[in-house]
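Shown here: work26.pdb, PDB, C-alpha atoms.
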```pdb
MODEL        1
ATOM      1  CA  MET A 224     -29.065  13.479  -5.569
ATOM      2  CA  ILE A 225     -26.281  13.097  -8.147
ATOM      3  CA  LYS A 226     -23.678  13.991  -5.539
ATOM      4  CA  LYS A 227     -24.945  11.287  -3.156
ATOM      5  CA  LEU A 228     -24.872   8.795  -6.020
ATOM      6  CA  PHE A 229     -21.177   9.407  -6.682
ATOM      7  CA  LEU A 230     -20.394   9.241  -2.964
ATOM      8  CA  ASN A 231     -22.100   5.843  -2.751
ATOM      9  CA  ASP A 232     -19.516   3.036  -2.724
ATOM     10  CA  LYS A 233     -22.046   0.494  -4.043
ATOM     11  CA  PHE A 234     -22.688   2.626  -7.136
ATOM     12  CA  ILE A 235     -18.944   3.010  -7.765
ATOM     13  CA  LEU A 236     -18.439  -0.728  -7.269
ATOM     14  CA  GLY A 237     -21.151  -1.383  -9.864
ATOM     15  CA  LEU A 238     -19.371   0.917 -12.340
ATOM     16  CA  ILE A 239     -16.061  -0.869 -11.735
ATOM     17  CA  LEU A 240     -17.624  -4.299 -12.293
ATOM     18  CA  LEU A 241     -19.406  -3.095 -15.438
ATOM     19  CA  ASN A 242     -16.183  -1.553 -16.730
ATOM     20  CA  SER A 243     -14.299  -4.811 -16.113
ATOM     21  CA  VAL A 244     -16.915  -6.773 -18.054
ATOM     22  CA  ILE A 245     -16.752  -4.279 -20.936
ATOM     23  CA  LEU A 246     -12.957  -4.546 -21.089
ATOM     24  CA  PHE A 247     -13.209  -8.339 -21.132
ATOM     25  CA  ILE A 248     -15.818  -8.428 -23.914
ATOM     26  CA  ASN A 249     -13.917  -5.831 -25.931
ATOM     27  CA  SER A 250     -10.921  -8.175 -26.161
ATOM     28  CA  TYR A 251     -12.853 -10.434 -28.549
ATOM     29  CA  PHE A 252     -12.968  -9.878 -32.298
ATOM     30  CA  LEU A 253     -16.254  -8.030 -32.596
ATOM     31  CA  SER A 254     -17.708  -6.017 -35.437
ATOM     32  CA  GLU A 255     -16.775  -2.367 -35.754
ATOM     33  CA  SER A 256     -20.219  -1.232 -34.618
ATOM     34  CA  ASP A 257     -20.063  -3.428 -31.499
ATOM     35  CA  GLN A 258     -16.578  -2.180 -30.685
ATOM     36  CA  GLN A 259     -17.781   1.407 -31.110
ATOM     37  CA  ILE A 260     -20.665   0.842 -28.680
ATOM     38  CA  LEU A 261     -18.349  -0.764 -26.121
ATOM     39  CA  ALA A 262     -15.851   2.073 -26.557
ATOM     40  CA  ILE A 263     -18.598   4.619 -25.859
ATOM     41  CA  ILE A 264     -19.641   2.763 -22.684
ATOM     42  CA  ASP A 265     -16.026   2.336 -21.538
ATOM     43  CA  ASN A 266     -15.138   5.997 -22.007
ATOM     44  CA  SER A 267     -18.438   7.085 -20.455
ATOM     45  CA  ILE A 268     -17.499   5.136 -17.327
ATOM     46  CA  THR A 269     -14.115   6.887 -17.336
ATOM     47  CA  ALA A 270     -15.952  10.224 -17.455
ATOM     48  CA  LEU A 271     -18.131   9.095 -14.529
ATOM     49  CA  PHE A 272     -15.007   8.209 -12.560
ATOM     50  CA  MET A 273     -13.721  11.719 -13.221
ATOM     51  CA  LEU A 274     -17.002  13.143 -11.926
ATOM     52  CA  GLU A 275     -16.638  10.952  -8.833
ATOM     53  CA  LEU A 276     -13.178  12.432  -8.286
ATOM     54  CA  ILE A 277     -14.525  15.991  -8.587
ATOM     55  CA  PHE A 278     -17.463  15.372  -6.225
ATOM     56  CA  LYS A 279     -15.263  13.703  -3.604
ATOM     57  CA  CYS A 280     -12.690  16.497  -3.740
ATOM     58  CA  LYS A 281     -15.489  19.037  -3.191
ATOM     59  CA  GLU A 282     -16.975  16.963  -0.370
ATOM     60  CA  PHE A 283     -13.792  16.136   1.550
ATOM     61  CA  GLY A 284     -11.396  18.766   0.230
ATOM     62  CA  PHE A 285      -8.118  17.981  -1.492
ATOM     63  CA  LYS A 286      -6.347  17.335   1.802
ATOM     64  CA  GLY A 287      -9.094  15.067   3.079
ATOM     65  CA  TYR A 288      -9.377  13.192  -0.226
ATOM     66  CA  PHE A 289      -5.665  12.555  -0.634
ATOM     67  CA  GLY A 290      -5.370  11.633   3.032
ATOM     68  CA  SER A 291      -6.552   8.144   2.067
ATOM     69  CA  ASN A 292      -4.120   5.846   0.277
ATOM     70  CA  TRP A 293      -7.025   4.223  -1.564
ATOM     71  CA  ASN A 294      -8.071   7.620  -2.914
ATOM     72  CA  LYS A 295      -4.508   8.213  -4.062
ATOM     73  CA  LEU A 296      -4.650   4.914  -5.947
ATOM     74  CA  ASP A 297      -8.026   5.871  -7.455
ATOM     75  CA  PHE A 298      -6.573   9.204  -8.589
ATOM     76  CA  VAL A 299      -3.587   7.541 -10.304
ATOM     77  CA  LEU A 300      -5.787   4.947 -12.045
ATOM     78  CA  ILE A 301      -8.200   7.608 -13.273
ATOM     79  CA  LEU A 302      -5.249   9.689 -14.438
ATOM     80  CA  LEU A 303      -3.956   6.724 -16.460
ATOM     81  CA  SER A 304      -7.354   6.406 -18.145
ATOM     82  CA  ILE A 305      -7.589  10.041 -19.279
ATOM     83  CA  PRO A 306      -5.333   9.649 -22.393
ATOM     84  CA  ALA A 307      -7.632   6.898 -23.715
ATOM     85  CA  LEU A 308     -10.629   9.193 -23.186
ATOM     86  CA  ILE A 309      -8.882  12.053 -24.993
ATOM     87  CA  THR A 310      -7.944   9.874 -27.974
ATOM     88  CA  PHE A 311     -11.555   8.688 -28.186
ATOM     89  CA  ILE A 312     -13.187  12.141 -27.946
ATOM     90  CA  PHE A 313     -10.895  13.811 -30.475
ATOM     91  CA  ASN A 314     -10.590  10.704 -32.665
ATOM     92  CA  LEU A 315      -6.791  10.776 -32.522
ATOM     93  CA  ASN A 316      -6.572   7.216 -33.844
ATOM     94  CA  ILE A 317      -6.362   8.708 -37.339
ATOM     95  CA  ILE A 318      -2.883   9.957 -36.416
ATOM     96  CA  ASP A 319      -0.127   7.400 -36.686
ATOM     97  CA  PHE A 320       1.323   7.690 -33.171
ATOM     98  CA  SER A 321       2.244   4.266 -31.795
ATOM     99  CA  PHE A 322       2.383   5.555 -28.203
ATOM    100  CA  LEU A 323      -1.377   6.228 -28.310
ATOM    101  CA  LEU A 324      -1.932   2.475 -28.218
ATOM    102  CA  VAL A 325      -0.004   2.308 -24.945
ATOM    103  CA  PHE A 326      -2.165   5.076 -23.489
ATOM    104  CA  ARG A 327      -5.343   3.285 -24.514
ATOM    105  CA  ILE A 328      -4.145   0.021 -22.973
ATOM    106  CA  MET A 329      -3.694   1.857 -19.650
ATOM    107  CA  ARG A 330      -7.485   2.097 -19.298
ATOM    108  CA  VAL A 331      -7.405  -1.530 -18.172
ATOM    109  CA  PHE A 332      -5.857  -0.370 -14.887
ATOM    110  CA  LYS A 333      -9.231   1.078 -13.864
ATOM    111  CA  ALA A 334     -10.235  -2.458 -12.844
ATOM    112  CA  PHE A 335      -7.674  -2.296 -10.013
ATOM    113  CA  ARG A 336     -10.101  -0.048  -8.140
ATOM    114  CA  PHE A 337     -12.044  -3.202  -7.322
ATOM    115  CA  PHE A 338      -9.422  -4.200  -4.745
ATOM    116  CA  LYS A 339     -10.456  -1.612  -2.169
ATOM    117  CA  PHE A 340     -13.933  -3.175  -1.958
ATOM    118  CA  ILE A 341     -12.559  -6.598  -0.944
ATOM    119  CA  PRO A 342     -13.375  -7.318   2.743
ATOM    120  CA  ASN A 343     -10.356  -7.036   5.093
ATOM    121  CA  VAL A 344      -8.141  -6.007   2.182
ATOM    122  CA  GLY A 345      -6.381  -3.558   4.526
ATOM    123  CA  GLU A 346      -5.128  -6.428   6.670
ATOM    124  CA  LEU A 347      -4.000  -8.265   3.544
ATOM    125  CA  VAL A 348      -2.075  -5.251   2.246
ATOM    126  CA  ALA A 349      -0.514  -4.696   5.680
ATOM    127  CA  GLY A 350       0.542  -8.356   5.742
ATOM    128  CA  VAL A 351       2.129  -8.094   2.288
ATOM    129  CA  GLN A 352       3.982  -4.902   3.290
ATOM    130  CA  ARG A 353       5.221  -6.561   6.462
ATOM    131  CA  ALA A 354       6.330  -9.635   4.513
ATOM    132  CA  MET A 355       8.115  -7.532   1.887
ATOM    133  CA  LYS A 356      10.069  -5.632   4.554
ATOM    134  CA  ALA A 357      11.098  -8.861   6.273
ATOM    135  CA  SER A 358      11.960 -10.640   3.019
ATOM    136  CA  VAL A 359      13.732  -7.863   1.113
ATOM    137  CA  PHE A 360      17.255  -9.129   1.873
ATOM    138  CA  VAL A 361      16.235 -12.737   1.174
ATOM    139  CA  PHE A 362      14.800 -11.664  -2.199
ATOM    140  CA  LEU A 363      17.935  -9.664  -2.923
ATOM    141  CA  GLY A 364      20.139 -12.654  -2.087
ATOM    142  CA  PHE A 365      18.008 -14.906  -4.277
ATOM    143  CA  VAL A 366      18.213 -12.462  -7.194
ATOM    144  CA  ILE A 367      22.013 -12.319  -6.838
ATOM    145  CA  TYR A 368      22.124 -16.123  -6.815
ATOM    146  CA  ILE A 369      20.029 -16.254 -10.009
ATOM    147  CA  PHE A 370      22.398 -13.744 -11.598
ATOM    148  CA  ILE A 371      25.502 -15.742 -10.664
ATOM    149  CA  ILE A 372      24.073 -19.067 -11.853
ATOM    150  CA  GLY A 373      22.711 -17.448 -15.019
ATOM    151  CA  VAL A 374      26.037 -15.904 -16.005
ATOM    152  CA  LEU A 375      27.900 -19.099 -15.084
ATOM    153  CA  SER A 376      25.491 -21.179 -17.186
ATOM    154  CA  PHE A 377      25.972 -18.819 -20.122
ATOM    155  CA  TYR A 378      29.747 -19.283 -20.105
ATOM    156  CA  LEU A 379      29.405 -23.039 -19.651
ATOM    157  CA  PHE A 380      26.851 -23.660 -22.406
ATOM    158  CA  GLN A 381      27.186 -20.738 -24.832
ATOM    159  CA  ASN A 382      28.899 -23.005 -27.382
ATOM    160  CA  SER A 383      26.395 -25.848 -27.001
ATOM    161  CA  GLY A 384      24.118 -24.404 -29.690
ATOM    162  CA  SER A 385      21.239 -24.185 -27.225
ATOM    163  CA  GLU A 386      18.805 -21.313 -27.625
ATOM    164  CA  TYR A 387      18.439 -21.184 -23.828
ATOM    165  CA  PHE A 388      21.960 -19.820 -23.344
ATOM    166  CA  LYS A 389      22.626 -17.829 -26.511
ATOM    167  CA  ASN A 390      23.243 -14.625 -24.532
ATOM    168  CA  PRO A 391      23.475 -13.630 -20.826
ATOM    169  CA  LEU A 392      19.933 -12.199 -20.653
ATOM    170  CA  VAL A 393      18.354 -15.336 -22.104
ATOM    171  CA  ALA A 394      20.543 -17.410 -19.779
ATOM    172  CA  LEU A 395      19.188 -15.485 -16.771
ATOM    173  CA  TYR A 396      15.621 -16.120 -17.916
ATOM    174  CA  SER A 397      16.377 -19.825 -18.492
ATOM    175  CA  THR A 398      17.920 -20.056 -15.025
ATOM    176  CA  PHE A 399      14.846 -18.508 -13.433
ATOM    177  CA  LYS A 400      12.712 -20.923 -15.458
ATOM    178  CA  ILE A 401      14.685 -23.847 -14.016
ATOM    179  CA  PHE A 402      14.346 -22.422 -10.490
ATOM    180  CA  THR A 403      10.566 -22.525 -10.901
ATOM    181  CA  VAL A 404      10.994 -26.242 -11.769
ATOM    182  CA  GLU A 405       9.649 -25.533 -15.248
ATOM    183  CA  GLY A 406      11.501 -27.114 -18.152
ATOM    184  CA  TRP A 407      14.316 -28.359 -15.904
ATOM    185  CA  PHE A 408      14.480 -31.633 -17.872
ATOM    186  CA  GLU A 409      13.973 -30.129 -21.360
ATOM    187  CA  ILE A 410      16.850 -27.649 -21.161
ATOM    188  CA  PRO A 411      19.655 -30.129 -20.347
ATOM    189  CA  GLU A 412      18.279 -32.604 -22.923
ATOM    190  CA  GLN A 413      18.711 -29.985 -25.643
ATOM    191  CA  ILE A 414      22.216 -29.091 -24.472
ATOM    192  CA  ILE A 415      23.685 -32.614 -24.413
ATOM    193  CA  LYS A 416      22.814 -33.564 -28.017
ATOM    194  CA  ASN A 417      26.407 -33.267 -29.215
ATOM    195  CA  TYR A 418      28.151 -33.918 -25.901
ATOM    196  CA  SER A 419      30.356 -36.831 -24.928
ATOM    197  CA  GLU A 420      29.281 -39.244 -22.168
ATOM    198  CA  THR A 421      31.545 -37.536 -19.649
ATOM    199  CA  ALA A 422      30.176 -34.076 -20.542
ATOM    200  CA  ILE A 423      26.625 -35.438 -20.339
ATOM    201  CA  PHE A 424      27.280 -36.783 -16.841
ATOM    202  CA  PHE A 425      28.623 -33.477 -15.527
ATOM    203  CA  THR A 426      25.863 -31.526 -17.294
ATOM    204  CA  TYR A 427      23.221 -33.627 -15.565
ATOM    205  CA  LEU A 428      25.065 -33.209 -12.258
ATOM    206  CA  TYR A 429      25.203 -29.429 -12.738
ATOM    207  CA  PHE A 430      21.481 -29.105 -13.424
ATOM    208  CA  ILE A 431      20.602 -31.371 -10.500
ATOM    209  CA  PHE A 432      22.607 -29.004  -8.293
ATOM    210  CA  VAL A 433      20.858 -25.949  -9.809
ATOM    211  CA  VAL A 434      17.373 -27.439  -9.351
ATOM    212  CA  LEU A 435      18.076 -28.508  -5.767
ATOM    213  CA  THR A 436      19.697 -25.266  -4.583
ATOM    214  CA  GLY A 437      17.562 -22.789  -6.495
ATOM    215  CA  GLY A 438      14.336 -24.534  -7.368
ATOM    216  CA  ILE A 439      13.702 -26.591  -4.243
ATOM    217  CA  PHE A 440      15.675 -25.102  -1.350
ATOM    218  CA  GLY A 441      15.936 -21.511  -2.622
ATOM    219  CA  LEU A 442      12.302 -20.865  -3.508
ATOM    220  CA  SER A 443      11.116 -22.861  -0.493
ATOM    221  CA  ILE A 444      13.122 -20.641   1.862
ATOM    222  CA  VAL A 445      11.899 -17.450   0.169
ATOM    223  CA  ASN A 446       8.270 -18.613   0.252
ATOM    224  CA  SER A 447       8.447 -19.788   3.862
ATOM    225  CA  ILE A 448       9.942 -16.482   5.096
ATOM    226  CA  PHE A 449       7.395 -14.467   3.110
ATOM    227  CA  VAL A 450       4.403 -16.474   4.362
ATOM    228  CA  ASP A 451       5.688 -16.533   7.946
ATOM    229  CA  SER A 452       6.066 -12.744   7.907
ATOM    230  CA  MET A 453       2.542 -12.290   6.548
ATOM    231  CA  VAL A 454       0.930 -14.311   9.353
ATOM    232  CA  SER A 455       3.287 -13.104  12.088
ATOM    233  CA  ASP A 456       0.844 -10.384  13.142
ATOM    234  CA  ASN A 457      -1.825 -13.007  13.797
ATOM    235  CA  ASN A 458       0.652 -15.027  15.837
ATOM    236  CA  ASP A 459       1.625 -11.955  17.866
ATOM    237  CA  GLU A 460      -2.015 -11.292  18.708
ATOM    238  CA  LEU A 461      -2.499 -14.922  19.728
ATOM    239  CA  GLU A 462       0.613 -14.778  21.914
ATOM    240  CA  ARG A 463      -0.669 -11.613  23.607
ATOM    241  CA  LYS A 464      -3.980 -13.295  24.359
ATOM    242  CA  ILE A 465      -2.177 -16.316  25.808
ATOM    243  CA  ASP A 466       0.006 -14.041  27.960
ATOM    244  CA  ASP A 467      -3.097 -12.186  29.217
ATOM    245  CA  LEU A 468      -4.820 -15.479  29.974
ATOM    246  CA  ASP A 469      -1.729 -16.761  31.774
ATOM    247  CA  SER A 470      -1.485 -13.596  33.879
ATOM    248  CA  LYS A 471      -5.177 -13.829  34.818
ATOM    249  CA  ILE A 472      -4.812 -17.498  35.817
ATOM    250  CA  THR A 473      -1.765 -16.612  37.901
ATOM    251  CA  GLU A 474      -3.688 -13.781  39.581
ATOM    252  CA  ILE A 475      -6.627 -16.096  40.371
ATOM    253  CA  LEU A 476      -4.336 -18.781  41.797
ATOM    254  CA  THR A 477      -2.578 -16.164  43.928
ATOM    255  CA  LYS A 478      -5.899 -14.981  45.373
ATOM    256  CA  ILE A 479      -6.965 -18.592  46.089
ATOM    257  CA  ASN A 480      -3.687 -19.328  47.884
ATOM    258  CA  THR A 481      -4.046 -16.086  49.880
ATOM    259  CA  ASN A 482      -7.571 -16.965  50.991
ATOM    260  CA  GLU A 483      -6.513 -20.472  52.020
ATOM    261  CA  THR A 484      -3.742 -19.140  54.218
TER     262      THR A 484
ENDMDL
END
```

Take the structure I supplied and represent it as structure tokens, if you would.
Amino acid sequence: MIKKLFLNDKFILGLILLNSVILFINSYFLSESDQQILAIIDNSITALFMLELIFKCKEFGFKGYFGSNWNKLDFVLILLSIPALITFIFNLNIIDFSFLLVFRIMRVFKAFRFFKFIPNVGELVAGVQRAMKASVFVFLGFVIYIFIIGVLSFYLFQNSGSEYFKNPLVALYSTFKIFTVEGWFEIPEQIIKNYSETAIFFTYLYFIFVVLTGGIFGLSIVNSIFVDSMVSDNNDELERKIDDLDSKITEILTKINTNET
């Protein structure tokens, strides 16, 4: 009975949803007693996930269990949750180890198990993988372009007193921010405060160029290639159906012409 329960996807989905709700509620400033109750429920669900792992390994065998990519993901997510369970059981919070906080935060990743219950998620994942393979060189080129513009902007505006270009790393982040068309008008306005009219003109011209090439054309090209690659499989299937229909029509017309003659 218990074994069937842990092999039931609906039961596991219910645990995942409950766990997600608990994690959400636990983020609020609750009393210590409420937080303790939620912690008990959260870690109990982690223990149930571990039991699910044990039952499935016994049912399908290690080879059969790890033959599924979703099961591999489940295993990793459960593994990430174990340190939080250990710190709770042995009350290790009394020890001043800052890395324990990181381990406890990892329990949030359990909610990722919800993805495998989304209808047609396999097709979505396959589409993303296909799009990533087709877009990898475009992404790489775009990253290189961000790097070049970021470093160039740093050398151009490092003496402007702007916090957006105080070092190369911040300049790269500011450049990416401009490429997303976020703050593209605020950044140059801060830079030109102590500039002459000529410097202001060329500064505006420079940022117009950056926004056009990176923010509008650059991101548009990356997005279009990514989306086109994701839906390409659907287009291929449609093209195959059209080709089959065309061949059948041709075959029918050939038979009609043969009968007429």

Matched chain/residue IDs from the PyMOL selection byres ((chain A and resi 427) around 12), as a ChimeraX atom specification: /A:407-415,418,420-426,428-434

Hits of the PyMOL selection byres ((chain A and resi 390) around 12) in this structure, as a PyMOL selection string: chain A and resi 373-389+391-397

Residues near Tyr288 of chain A, cut-off 12 Å, all atoms listed in the file, skip fewer than 2 positions along chain, as a CSV table (one decimal) with C-alpha atoms, keeping the file's coordinate frame:
```
chain,number,residue,atom,x,y,z
A,275,GLU,CA,-16.6,11.0,-8.8
A,276,LEU,CA,-13.2,12.4,-8.3
A,277,ILE,CA,-14.5,16.0,-8.6
A,278,PHE,CA,-17.5,15.4,-6.2
A,279,LYS,CA,-15.3,13.7,-3.6
A,280,CYS,CA,-12.7,16.5,-3.7
A,281,LYS,CA,-15.5,19.0,-3.2
A,282,GLU,CA,-17.0,17.0,-0.4
A,283,PHE,CA,-13.8,16.1,1.6
A,284,GLY,CA,-11.4,18.8,0.2
A,285,PHE,CA,-8.1,18.0,-1.5
A,286,LYS,CA,-6.3,17.3,1.8
A,290,GLY,CA,-5.4,11.6,3.0
A,291,SER,CA,-6.6,8.1,2.1
A,292,ASN,CA,-4.1,5.8,0.3
A,293,TRP,CA,-7.0,4.2,-1.6
A,294,ASN,CA,-8.1,7.6,-2.9
A,295,LYS,CA,-4.5,8.2,-4.1
A,296,LEU,CA,-4.6,4.9,-5.9
A,297,ASP,CA,-8.0,5.9,-7.5
A,298,PHE,CA,-6.6,9.2,-8.6
```

Segment 263-268 of chain A environment, 7 Å, all atoms listed in the file, sequence neighbours closer than 5 positions dropped, as a list in words: Leu238, Asn242, Ile245 and Leu308 of chain A

Please produce a file of the residues just selected, as an mmCIF file, in the coordinates of the input, where the atoms kept are C-alpha atoms.
```
data_model
loop_
_atom_site.group_PDB
_atom_site.id
_atom_site.type_symbol
_atom_site.label_atom_id
_atom_site.label_comp_id
_atom_site.auth_asym_id
_atom_site.auth_seq_id
_atom_site.Cartn_x
_atom_site.Cartn_y
_atom_site.Cartn_z
ATOM 1 C CA LEU A 238 -19.371 0.917 -12.340
ATOM 2 C CA ASN A 242 -16.183 -1.553 -16.730
ATOM 3 C CA ILE A 245 -16.752 -4.279 -20.936
ATOM 4 C CA LEU A 308 -10.629 9.193 -23.186
#
```

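Taking only C-alpha atoms into account, Ile235 of chain A lies nearest to A:Phe272 out of the set A:Tyr251, A:Phe399, A:Phe313, A:Phe272.
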
Point-to-point distance in Å for atom CA of Leu261 of chain A and atom CA of Asn249 of chain A: 6.7 Å

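Picked by the PyMOL selection byres ((chain A and resi 357-367) around 9) from the coordinates shown: Gln352, Arg353, Ala354, Met355, Lys356, Tyr368, Ile369, Phe370, Ile371, Ile372, Gly437, Gly441, Leu442, Ile444, Val445, Ile448, Phe449 and Ser452 of chain A.
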
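Between atom CA of Ile312 of chain A and atom CA of Val244 of chain A there is a distance of 21.7 Å.
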
Distance in Å - atom CA of Thr403 of chain A versus atom CA of Leu435 of chain A: 10.9 Å

With all atoms of segment 248-252 of chain A from the file as input, state the centre and edge lengths in Å to one decimal of the axis-aligned box that has 5 Å extra on each side, as lines of an AutoDock Vina configuration file.
```
center_x = -13.4
center_y = -8.1
center_z = -28.1
size_x = 14.9
size_y = 14.6
size_z = 18.4
```

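With distances taken over all atoms listed in the file, A:Leu240 is the one residue among A:Ile475, A:Ala270, A:Leu240, A:Ile305 lying closest to Phe338 of chain A.
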
Export C-alpha atoms of segment 233-301 of chain A from the structure just given, as a compact mmCIF listing (two decimals), in the first residue's frame?
```
# COMPACT_ATOMS: atom_id res chain seq x y z
CA LYS A 233 -0.45 12.33 -8.25
CA PHE A 234 0.65 11.79 -4.64
CA ILE A 235 4.17 13.04 -5.43
CA LEU A 236 2.73 16.04 -7.26
CA GLY A 237 0.63 16.85 -4.18
CA LEU A 238 3.76 16.72 -2.00
CA ILE A 239 5.62 19.03 -4.38
CA LEU A 240 2.78 21.56 -4.40
CA LEU A 241 2.48 21.42 -0.61
CA ASN A 242 6.24 21.85 -0.25
CA SER A 243 6.18 24.88 -2.57
CA VAL A 244 3.41 26.49 -0.51
CA ILE A 245 5.33 25.83 2.72
CA LEU A 246 8.49 27.41 1.29
CA PHE A 247 6.49 30.46 0.20
CA ILE A 248 4.79 30.92 3.58
CA ASN A 249 8.07 30.37 5.42
CA SER A 250 9.57 33.42 3.70
CA TYR A 251 7.34 35.71 5.78
CA PHE A 252 8.29 36.95 9.24
CA LEU A 253 6.41 34.45 11.37
CA SER A 254 6.71 33.62 15.04
CA GLU A 255 9.30 31.09 16.13
CA SER A 256 6.66 28.46 16.85
CA ASP A 257 5.10 28.88 13.39
CA GLN A 258 8.51 28.67 11.74
CA GLN A 259 9.26 25.51 13.74
CA ILE A 260 6.02 23.87 12.58
CA LEU A 261 6.71 24.80 8.95
CA ALA A 262 10.28 23.53 9.27
CA ILE A 263 8.99 20.18 10.56
CA ILE A 264 6.56 19.88 7.63
CA ASP A 265 9.21 20.94 5.10
CA ASN A 266 11.80 18.46 6.34
CA SER A 267 9.17 15.73 6.64
CA ILE A 268 8.40 16.20 2.95
CA THR A 269 12.13 15.92 2.20
CA ALA A 270 12.16 12.62 4.10
CA LEU A 271 9.15 11.45 2.06
CA PHE A 272 10.99 12.33 -1.14
CA MET A 273 13.89 10.20 0.07
CA LEU A 274 11.49 7.32 0.69
CA GLU A 275 10.12 7.81 -2.83
CA LEU A 276 13.67 7.53 -4.17
CA ILE A 277 14.26 4.29 -2.24
CA PHE A 278 10.96 2.71 -3.33
CA LYS A 279 11.51 3.61 -6.99
CA CYS A 280 15.06 2.26 -6.97
CA LYS A 281 13.76 -1.02 -5.53
CA GLU A 282 10.92 -1.13 -8.06
CA PHE A 283 12.85 -0.25 -11.22
CA GLY A 284 16.42 -0.98 -10.16
CA PHE A 285 19.21 1.57 -10.20
CA LYS A 286 19.74 1.18 -13.94
CA GLY A 287 16.05 1.52 -14.71
CA TYR A 288 15.61 4.48 -12.36
CA PHE A 289 18.57 6.46 -13.65
CA GLY A 290 17.62 5.62 -17.23
CA SER A 291 15.16 8.52 -17.06
CA ASN A 292 16.52 12.06 -17.21
CA TRP A 293 13.65 13.25 -15.02
CA ASN A 294 14.65 10.73 -12.35
CA LYS A 295 18.22 11.99 -12.55
CA LEU A 296 16.92 15.51 -11.94
CA ASP A 297 14.80 14.27 -9.01
CA PHE A 298 17.86 12.56 -7.52
CA VAL A 299 19.98 15.73 -7.74
CA LEU A 300 17.24 17.91 -6.23
CA ILE A 301 16.69 15.47 -3.37
```
